[in-house]
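Enquirer: Pasting run.cif below, which is mmCIF, C-alpha atoms.
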```cif
data_structure
loop_
_atom_site.label_atom_id
_atom_site.label_comp_id
_atom_site.auth_asym_id
_atom_site.auth_seq_id
_atom_site.Cartn_x
_atom_site.Cartn_y
_atom_site.Cartn_z
CA ALA A 1 102.83 103.85 65.03
CA ARG A 2 104.83 107.05 64.92
CA PRO A 3 102.51 109.08 67.21
CA ALA A 4 103.05 106.47 69.95
CA LEU A 5 106.81 106.53 69.30
CA LEU A 6 106.89 110.31 69.72
CA SER A 7 104.83 110.07 72.91
CA SER A 8 107.23 107.53 74.43
CA VAL A 9 110.26 109.67 73.56
CA TYR A 10 108.68 112.70 75.23
CA ASP A 11 107.67 110.57 78.23
CA GLY A 12 111.22 109.30 78.75
CA THR A 13 112.57 112.84 78.45
CA MET A 14 110.15 114.29 80.97
CA HIS A 15 111.12 111.64 83.51
CA CYS A 16 114.57 113.23 83.45
CA PHE A 17 113.36 116.84 83.22
CA PRO A 18 110.29 116.92 85.49
CA HIS A 19 110.40 120.70 85.74
CA LEU A 20 109.26 120.80 82.09
CA VAL A 21 105.83 119.42 83.04
CA PRO A 22 103.27 119.94 81.60
CA LEU A 23 104.26 118.90 78.10
CA ASN A 24 104.18 121.74 75.58
CA HIS A 25 105.22 122.34 71.98
CA GLY A 26 108.41 124.05 73.08
CA ILE A 27 109.58 120.64 74.29
CA THR A 28 108.43 118.66 71.26
CA ARG A 29 110.01 121.11 68.81
CA SER A 30 113.40 120.74 70.50
CA ILE A 31 113.58 116.94 70.02
CA GLU A 32 114.17 115.31 66.64
CA VAL A 33 113.07 111.67 66.46
CA ILE A 34 114.54 109.62 63.61
CA SER A 35 112.96 106.20 63.06
CA VAL A 36 112.69 103.50 60.42
CA PRO A 37 109.13 103.18 59.06
CA GLY A 38 107.98 99.60 59.30
CA SER A 39 110.18 98.79 62.31
CA CYS A 40 108.71 97.52 65.58
CA VAL A 41 108.67 101.04 67.02
CA ASP A 42 107.26 102.73 63.91
CA VAL A 43 104.83 100.22 62.44
CA LEU A 44 102.72 100.81 59.35
CA PRO A 45 99.15 99.77 58.49
CA PRO A 46 97.72 97.17 58.67
CA THR A 47 99.91 96.20 61.66
CA PRO A 48 97.77 96.29 64.84
CA VAL A 49 98.94 98.72 67.53
CA LEU A 50 96.40 98.14 70.31
CA GLY A 51 99.02 96.77 72.71
CA PHE A 52 101.68 99.42 72.16
CA ALA A 53 101.35 100.98 75.63
CA SER A 54 102.23 97.71 77.37
CA GLY A 55 104.82 96.64 74.81
CA ALA A 56 107.18 98.81 72.81
CA TYR A 57 106.20 102.06 74.52
CA GLU A 58 108.02 101.40 77.80
CA LYS A 59 111.10 100.08 76.00
CA VAL A 60 111.44 103.30 74.02
CA ALA A 61 110.87 105.46 77.11
CA ALA A 62 113.45 103.41 79.05
CA ALA A 63 115.96 103.66 76.20
CA VAL A 64 115.50 107.43 76.11
CA MET A 65 116.07 107.64 79.89
CA ALA A 66 119.22 105.55 79.45
CA CYS A 67 120.45 107.92 76.73
CA TRP A 68 119.88 110.96 78.93
CA ALA A 69 121.65 109.14 81.78
CA GLN A 70 124.73 108.62 79.63
CA ALA A 71 124.68 112.24 78.50
CA PHE A 72 124.39 113.68 82.01
CA ALA A 73 126.31 111.11 84.10
CA THR A 74 129.30 113.39 84.64
CA VAL A 75 127.59 116.73 84.03
CA ASP A 76 124.34 116.68 86.00
CA PRO A 77 123.55 113.31 87.63
CA THR A 78 120.24 114.69 88.92
CA ARG A 79 118.93 114.14 85.38
CA MET A 80 119.56 110.39 85.61
CA HIS A 81 116.45 108.25 86.14
CA ALA A 82 116.43 104.45 86.45
CA ALA A 83 113.79 102.46 84.56
CA THR A 84 110.21 102.20 85.79
CA VAL A 85 107.27 99.81 85.90
CA ASN A 86 106.04 98.43 82.58
CA LEU A 87 102.28 98.62 82.08
CA ALA A 88 100.61 95.21 81.99
CA ASN A 89 96.98 94.86 80.84
CA LEU A 90 94.98 91.98 82.30
CA ALA A 91 91.66 91.37 80.53
CA LEU A 92 89.02 88.99 81.87
CA SER A 93 85.73 88.23 80.12
CA GLY A 94 82.70 86.01 80.61
CA ASP A 95 79.12 86.02 81.87
CA HIS A 96 78.50 87.22 85.41
CA PRO A 97 77.45 84.20 87.53
CA ASP A 98 74.68 86.13 89.31
CA SER A 99 73.19 88.37 86.63
CA GLY A 100 74.19 86.50 83.48
CA VAL A 101 75.29 89.83 82.01
CA PRO A 102 78.43 89.60 79.84
CA PHE A 103 81.42 91.46 81.28
CA VAL A 104 84.92 92.49 80.27
CA SER A 105 87.28 93.68 83.00
CA TYR A 106 90.43 95.54 82.14
CA LEU A 107 92.87 95.58 85.06
CA TRP A 108 96.23 97.18 85.63
CA ASN A 109 98.52 97.49 88.63
CA GLU A 110 100.38 100.42 90.04
CA GLY A 111 104.13 99.87 90.25
CA GLY A 112 107.52 101.25 91.21
CA GLN A 113 109.27 104.21 89.64
CA GLY A 114 113.03 104.21 89.11
CA ALA A 115 115.39 105.80 91.64
CA ARG A 116 117.20 109.08 91.03
CA SER A 117 120.71 110.12 92.04
CA TYR A 118 119.27 111.80 95.12
CA LYS A 119 116.06 109.97 96.13
CA ASP A 120 114.28 106.64 96.21
CA GLY A 121 111.79 105.88 93.46
CA ASN A 122 108.10 106.40 94.16
CA SER A 123 106.14 103.28 95.09
CA PHE A 124 102.69 102.11 93.99
CA GLN A 125 102.38 104.73 91.26
CA LEU A 126 100.48 104.56 88.00
CA MET A 127 102.49 104.99 84.82
CA ILE A 128 103.32 108.62 84.16
CA PHE A 129 102.17 108.46 80.53
CA ILE A 130 98.57 107.82 81.64
CA GLY A 131 98.48 110.91 83.80
CA GLY A 132 95.03 111.56 85.21
CA ALA A 133 94.18 107.85 85.45
CA THR A 134 93.28 106.43 88.84
CA ASN A 135 93.30 102.95 90.28
CA GLN A 136 90.13 100.88 90.21
CA PRO A 137 87.91 100.53 93.31
CA VAL A 138 87.61 96.94 94.51
CA GLU A 139 83.89 97.39 95.16
CA VAL A 140 83.22 98.23 91.51
CA LEU A 141 85.41 95.41 90.21
CA GLU A 142 83.65 92.84 92.39
CA ARG A 143 80.15 94.10 91.49
CA LEU A 144 80.63 94.14 87.72
CA ASN A 145 82.98 91.19 87.21
CA ALA A 146 83.26 87.57 88.33
CA ILE A 147 86.11 88.19 90.75
CA ARG A 148 86.57 88.59 94.49
CA ALA A 149 89.56 90.51 95.84
CA LEU A 150 91.68 88.54 98.31
CA SER A 151 94.67 90.78 99.04
CA CYS A 152 96.58 93.89 98.05
CA GLU A 153 100.11 94.38 99.35
CA ALA A 154 103.56 95.69 98.54
CA VAL A 155 106.02 93.40 96.75
CA GLY A 156 109.11 93.89 98.89
CA SER A 157 111.35 91.88 96.58
CA SER A 158 110.47 94.09 93.61
CA ALA A 159 112.41 97.27 94.43
CA GLY A 160 115.75 97.63 92.67
CA HIS A 161 118.41 97.81 95.39
CA GLY A 162 120.83 100.70 95.40
CA THR A 163 122.20 103.70 97.25
CA TYR A 164 118.73 104.92 96.45
CA ARG A 165 116.34 102.06 95.83
CA GLY A 166 113.59 101.84 93.26
CA GLY A 167 109.95 102.09 94.23
CA PHE A 168 107.99 98.98 95.19
CA GLY A 169 105.54 97.16 92.98
CA ILE A 170 102.17 95.97 94.20
CA ASP A 171 100.60 92.51 94.44
CA ARG A 172 96.87 91.89 94.00
CA SER A 173 95.21 88.50 94.34
CA PHE A 174 91.73 87.64 93.06
CA GLU A 175 89.46 84.60 93.25
CA ALA A 176 87.28 83.78 90.25
CA THR A 177 83.60 83.57 91.22
CA GLY A 178 82.69 82.24 87.78
CA ASP A 179 84.24 80.84 84.61
CA MET A 180 85.98 83.32 82.30
CA ILE A 181 88.67 83.83 79.68
CA LEU A 182 91.97 85.59 80.50
CA THR A 183 94.30 87.52 78.22
CA MET A 184 97.42 89.33 79.42
CA HIS A 185 99.54 91.76 77.45
CA GLY A 186 102.62 93.14 79.18
CA ASP A 187 106.38 92.79 79.45
CA ARG A 188 109.35 93.00 81.84
CA ALA A 189 108.66 89.62 83.42
CA GLU A 190 112.20 88.36 82.90
CA VAL A 191 114.43 91.26 81.84
CA THR A 192 113.23 93.83 84.32
CA PRO A 193 113.56 97.64 84.81
CA PHE A 194 117.25 98.51 84.81
CA GLY A 195 119.23 100.22 87.55
CA LEU A 196 121.89 102.87 87.02
CA ALA A 197 125.39 103.60 88.34
CA GLY A 198 125.67 100.23 90.07
CA GLY A 199 122.03 100.02 91.16
CA CYS A 200 120.17 96.72 90.80
CA ASN A 201 117.30 95.86 88.48
CA GLY A 202 113.75 96.15 89.74
CA GLY A 203 111.57 93.07 90.08
CA GLY A 204 109.47 91.46 87.36
CA ASN A 205 105.83 91.63 86.39
CA VAL A 206 104.28 88.35 87.53
CA LEU A 207 100.98 86.59 86.76
CA VAL A 208 100.43 83.25 88.50
CA LEU A 209 97.41 80.97 88.40
CA ASN A 210 96.61 79.17 91.67
CA PRO A 211 99.84 80.13 93.48
CA GLY A 212 101.11 77.80 96.18
CA THR A 213 99.01 74.83 95.03
CA THR A 214 99.75 71.66 93.08
CA SER A 215 98.12 73.29 90.05
CA GLU A 216 100.25 76.46 90.21
CA ARG A 217 101.11 77.81 86.77
CA TRP A 218 103.03 80.93 85.76
CA LEU A 219 101.17 82.56 82.89
CA GLY A 220 103.73 85.23 82.06
CA MET A 221 102.99 88.48 80.27
CA HIS A 222 101.80 87.06 76.94
CA ALA A 223 98.89 84.81 77.89
CA VAL A 224 96.02 84.52 75.38
CA GLY A 225 92.67 82.76 75.77
CA GLU A 226 93.47 81.11 79.11
CA GLN A 227 90.43 79.36 80.60
CA ILE A 228 89.85 80.41 84.21
CA ARG A 229 87.45 78.30 86.28
CA LYS A 230 85.33 79.24 89.26
CA GLY A 231 87.48 78.98 92.40
CA ASP A 232 90.77 79.64 90.61
CA VAL A 233 93.06 82.26 92.17
CA LEU A 234 95.13 84.79 90.23
CA ARG A 235 98.13 86.61 91.69
CA TYR A 236 99.14 89.67 89.69
CA SER A 237 102.32 91.52 90.76
CA SER A 238 103.92 94.57 89.19
CA ASN A 239 107.47 95.74 88.53
CA GLY A 240 109.50 97.66 91.03
CA GLY A 241 111.73 100.45 89.74
CA GLY A 242 115.46 100.15 89.15
CA GLY A 243 117.92 101.30 91.82
CA PHE A 244 120.60 103.98 91.63
CA GLY A 245 124.15 103.60 92.93
CA PRO A 246 125.82 100.67 94.73
CA PRO A 247 123.60 99.14 97.45
CA ARG A 248 126.57 99.07 99.84
CA ASP A 249 126.49 102.89 99.90
CA ARG A 250 122.89 103.12 101.09
CA ALA A 251 122.38 104.77 104.47
CA PRO A 252 122.16 101.93 107.05
CA GLU A 253 119.25 103.68 108.76
CA ALA A 254 117.27 103.56 105.51
CA VAL A 255 117.92 99.82 105.23
CA ALA A 256 116.81 99.32 108.83
CA HIS A 257 113.61 101.22 108.07
CA ASP A 258 112.79 99.03 105.05
CA VAL A 259 113.37 95.85 107.05
CA SER A 260 111.32 97.17 109.97
CA GLU A 261 108.49 97.88 107.52
CA GLY A 262 108.65 94.25 106.36
CA TYR A 263 109.73 94.92 102.77
CA PHE A 264 112.61 92.45 103.00
CA GLY A 265 114.49 90.53 105.66
CA PRO A 266 117.69 91.12 107.63
CA GLU A 267 119.48 88.41 105.65
CA LEU A 268 119.07 90.37 102.42
CA ALA A 269 120.09 93.55 104.22
CA ALA A 270 123.42 91.93 105.07
CA GLU A 271 123.93 90.15 101.73
CA ILE A 272 123.18 93.06 99.40
CA TYR A 273 123.53 96.21 101.51
CA GLY A 274 126.21 95.08 103.94
CA VAL A 275 124.05 96.20 106.87
CA VAL A 276 123.85 94.10 110.03
CA LEU A 277 120.66 94.61 112.02
CA ILE A 278 119.54 93.90 115.56
CA GLU A 279 115.89 93.07 116.17
CA THR A 280 114.16 95.19 118.80
CA GLU A 281 110.64 95.40 120.18
CA SER A 282 109.77 98.11 117.66
CA GLY A 283 111.59 96.77 114.60
CA TYR A 284 115.27 96.71 113.68
CA GLU A 285 118.26 98.85 114.56
CA VAL A 286 121.68 99.07 112.91
CA ASP A 287 124.56 97.19 114.51
CA GLU A 288 127.04 99.92 113.63
CA GLU A 289 130.20 98.02 114.56
CA ALA A 290 129.27 94.86 112.67
CA THR A 291 128.05 96.89 109.69
CA ALA A 292 131.29 98.86 109.50
CA GLU A 293 133.30 95.63 109.64
CA LEU A 294 131.20 93.93 106.95
CA ARG A 295 131.42 96.89 104.60
CA ALA A 296 135.15 97.34 105.26
CA ASN A 297 135.81 93.73 104.25
CA GLY A 298 134.08 94.32 100.94
CA LEU A 299 130.92 92.82 99.54
CA ASP A 300 130.43 90.43 96.69
CA ASP A 301 128.52 91.67 93.67
CA PRO A 302 124.73 91.30 94.03
CA PRO A 303 123.43 87.78 93.36
CA GLU A 304 122.75 86.69 89.80
CA GLY A 305 119.61 88.22 88.37
CA TYR A 306 120.05 91.74 89.70
CA GLY A 307 122.41 92.99 86.97
CA ALA A 308 121.80 94.42 83.51
CA GLY A 309 120.28 91.94 81.08
CA GLU A 310 119.98 89.15 83.67
CA VAL A 311 116.74 87.31 84.42
CA HIS A 312 115.49 88.69 87.73
CA PRO A 313 114.69 86.10 90.45
CA MET A 314 111.02 87.13 90.25
CA GLY A 315 110.99 86.10 86.57
CA ARG A 316 112.46 82.64 86.91
CA GLY A 317 109.08 80.94 87.18
CA VAL A 318 108.12 82.03 83.68
CA VAL A 319 107.90 79.07 81.31
CA PRO A 320 110.31 79.63 78.38
CA ARG A 321 108.44 80.51 75.20
CA PRO A 322 109.07 78.49 72.02
CA ALA A 323 111.82 79.88 69.79
#
```
So that I can check it, write out the structure of this file as structure tokens.

Expert:
Amino acid sequence: ARPALLSSVYDGTMHCFPHLVPLNHGITRSIEVISVPGSCVDVLPPTPVLGFASGAYEKVAAAVMACWAQAFATVDPTRMHAATVNLANLALSGDHPDSGVPFVSYLWNEGGQGARSYKDGNSFQLMIFIGGATNQPVEVLERLNAIRALSCEAVGSSAGHGTYRGGFGIDRSFEATGDMILTMHGDRAEVTPFGLAGGCNGGGNVLVLNPGTTSERWLGMHAVGEQIRKGDVLRYSSNGGGGFGPPRDRAPEAVAHDVSEGYFGPELAAEIYGVVLIETESGYEVDEEATAELRANGLDDPPEGYGAGEVHPMGRGVVPRPA
């Protein structure tokens, strides 16, 4: 609906002009939004709009950020902002195995923000358009719903590589303690948050049932009415933000820090960033001579899946949907 369209346009703009926060009517009056009534971004009754925040909303905000990036690329690159995490709503429902009380859980993940021309994207951050929202305490989720939390960790492969990298997404795994029904509404599983100025795409949203087992199944971002049985495990990972600038221009010390923190390995550091590392007792250090030689000889373009419009490696497990 048009109110959601306007909100997403203002959201994308304020990513690029953060000093304008908080939103006020001086901002909204300065932006004219022209749309086609009845289109997918300006739907009319009786079209349902419940899922707009995890669907069209982020696409519009990302398109607006891309427009501002084109406008300011040679004038004021500090206004350029790579794409960010796409909200994904995971709903689980059933009867609690202990109390018999019906429950509906509504879960979302924090994710990575896009990089800027001067800094890495923020990691593990809720979507800016739901300002004021907080993450959900595990203790409450386990008490009210038929789930048990197994893990919560950064998704190192999710950050868009670049001179400044995108923020990291987050991975949460749950075990079902009772039978329930799952519905997921999201996006950016395959075509993921874009990078800018030679930066790589961020990683995909991922939902996997029983990962690492013979019954593993990728559910994707458009699962409806999936039967979840007691003992099943769900892994739910969020987007990382897009990167900014060529990865080969990233400060080697920053690459060494990310590898030392366990976000990705030294092989990727060499392949994408052109940084050769030496393992030490406390982590990794830059082999300056080998790094200079590798970068001087030139690097191949990033592997397939990291460029605009390509299916990110994190999205390749998604089963193709029928045409």

Enquirer: When you count all atoms listed in the file, which of these residues is closest to Thr163 (chain A): A:Gly186, A:Pro48, A:Pro302, A:Gly198?

Expert: A:Gly198

Enquirer: Might you spell out which residues the PyMOL selection byres ((chain A and resi 192-196) around 10) would select in the displayed file, as a PyMOL selection string?

Expert: chain A and resi 58-59+62+66+69-70+73+80-86+112-117+158-162+165-166+187-191+197-205+239-246+305-315

Enquirer: Which residues would end up in the selection if the PyMOL selection byres ((chain A and resi 234) around 8) were applied here, given that I need the answer as a CSV table (one decimal) with C-alpha atoms, in the coordinates of the input?

Expert:
```
chain,number,residue,atom,x,y,z
A,173,SER,CA,95.2,88.5,94.3
A,174,PHE,CA,91.7,87.6,93.1
A,175,GLU,CA,89.5,84.6,93.2
A,176,ALA,CA,87.3,83.8,90.2
A,207,LEU,CA,101.0,86.6,86.8
A,208,VAL,CA,100.4,83.2,88.5
A,209,LEU,CA,97.4,81.0,88.4
A,210,ASN,CA,96.6,79.2,91.7
A,211,PRO,CA,99.8,80.1,93.5
A,232,ASP,CA,90.8,79.6,90.6
A,233,VAL,CA,93.1,82.3,92.2
A,235,ARG,CA,98.1,86.6,91.7
A,236,TYR,CA,99.1,89.7,89.7
```

Enquirer: Could you pull the residues within 12 Å of Val101 (chain A), counting only C-alpha atoms, minus those fewer than 4 positions along the same chain, as a short mmCIF file (atom, residue, chain, number, x, y, z; two decimals) with C-alpha atoms, in the frame of the given file?

Expert:
```cif
data_model
loop_
_atom_site.label_atom_id
_atom_site.label_comp_id
_atom_site.auth_asym_id
_atom_site.auth_seq_id
_atom_site.Cartn_x
_atom_site.Cartn_y
_atom_site.Cartn_z
CA SER A 93 85.73 88.23 80.12
CA GLY A 94 82.70 86.01 80.61
CA ASP A 95 79.12 86.02 81.87
CA HIS A 96 78.50 87.22 85.41
CA PRO A 97 77.45 84.20 87.53
CA ARG A 143 80.15 94.10 91.49
CA LEU A 144 80.63 94.14 87.72
CA ASN A 145 82.98 91.19 87.21
CA ALA A 146 83.26 87.57 88.33
#
```

Enquirer: Written as a count of residues only, which residues does the PyMOL selection byres ((chain A and resi 266-274) around 7) give for the file shown?

Expert: 15

Enquirer: Grab the CA of Pro77 (chain A) to CA of Gly167 (chain A) distance for me, in Å with one decimal place.

Expert: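 According to the coordinates, CA of Pro77 (chain A) and CA of Gly167 (chain A) are separated by 18.8 Å.
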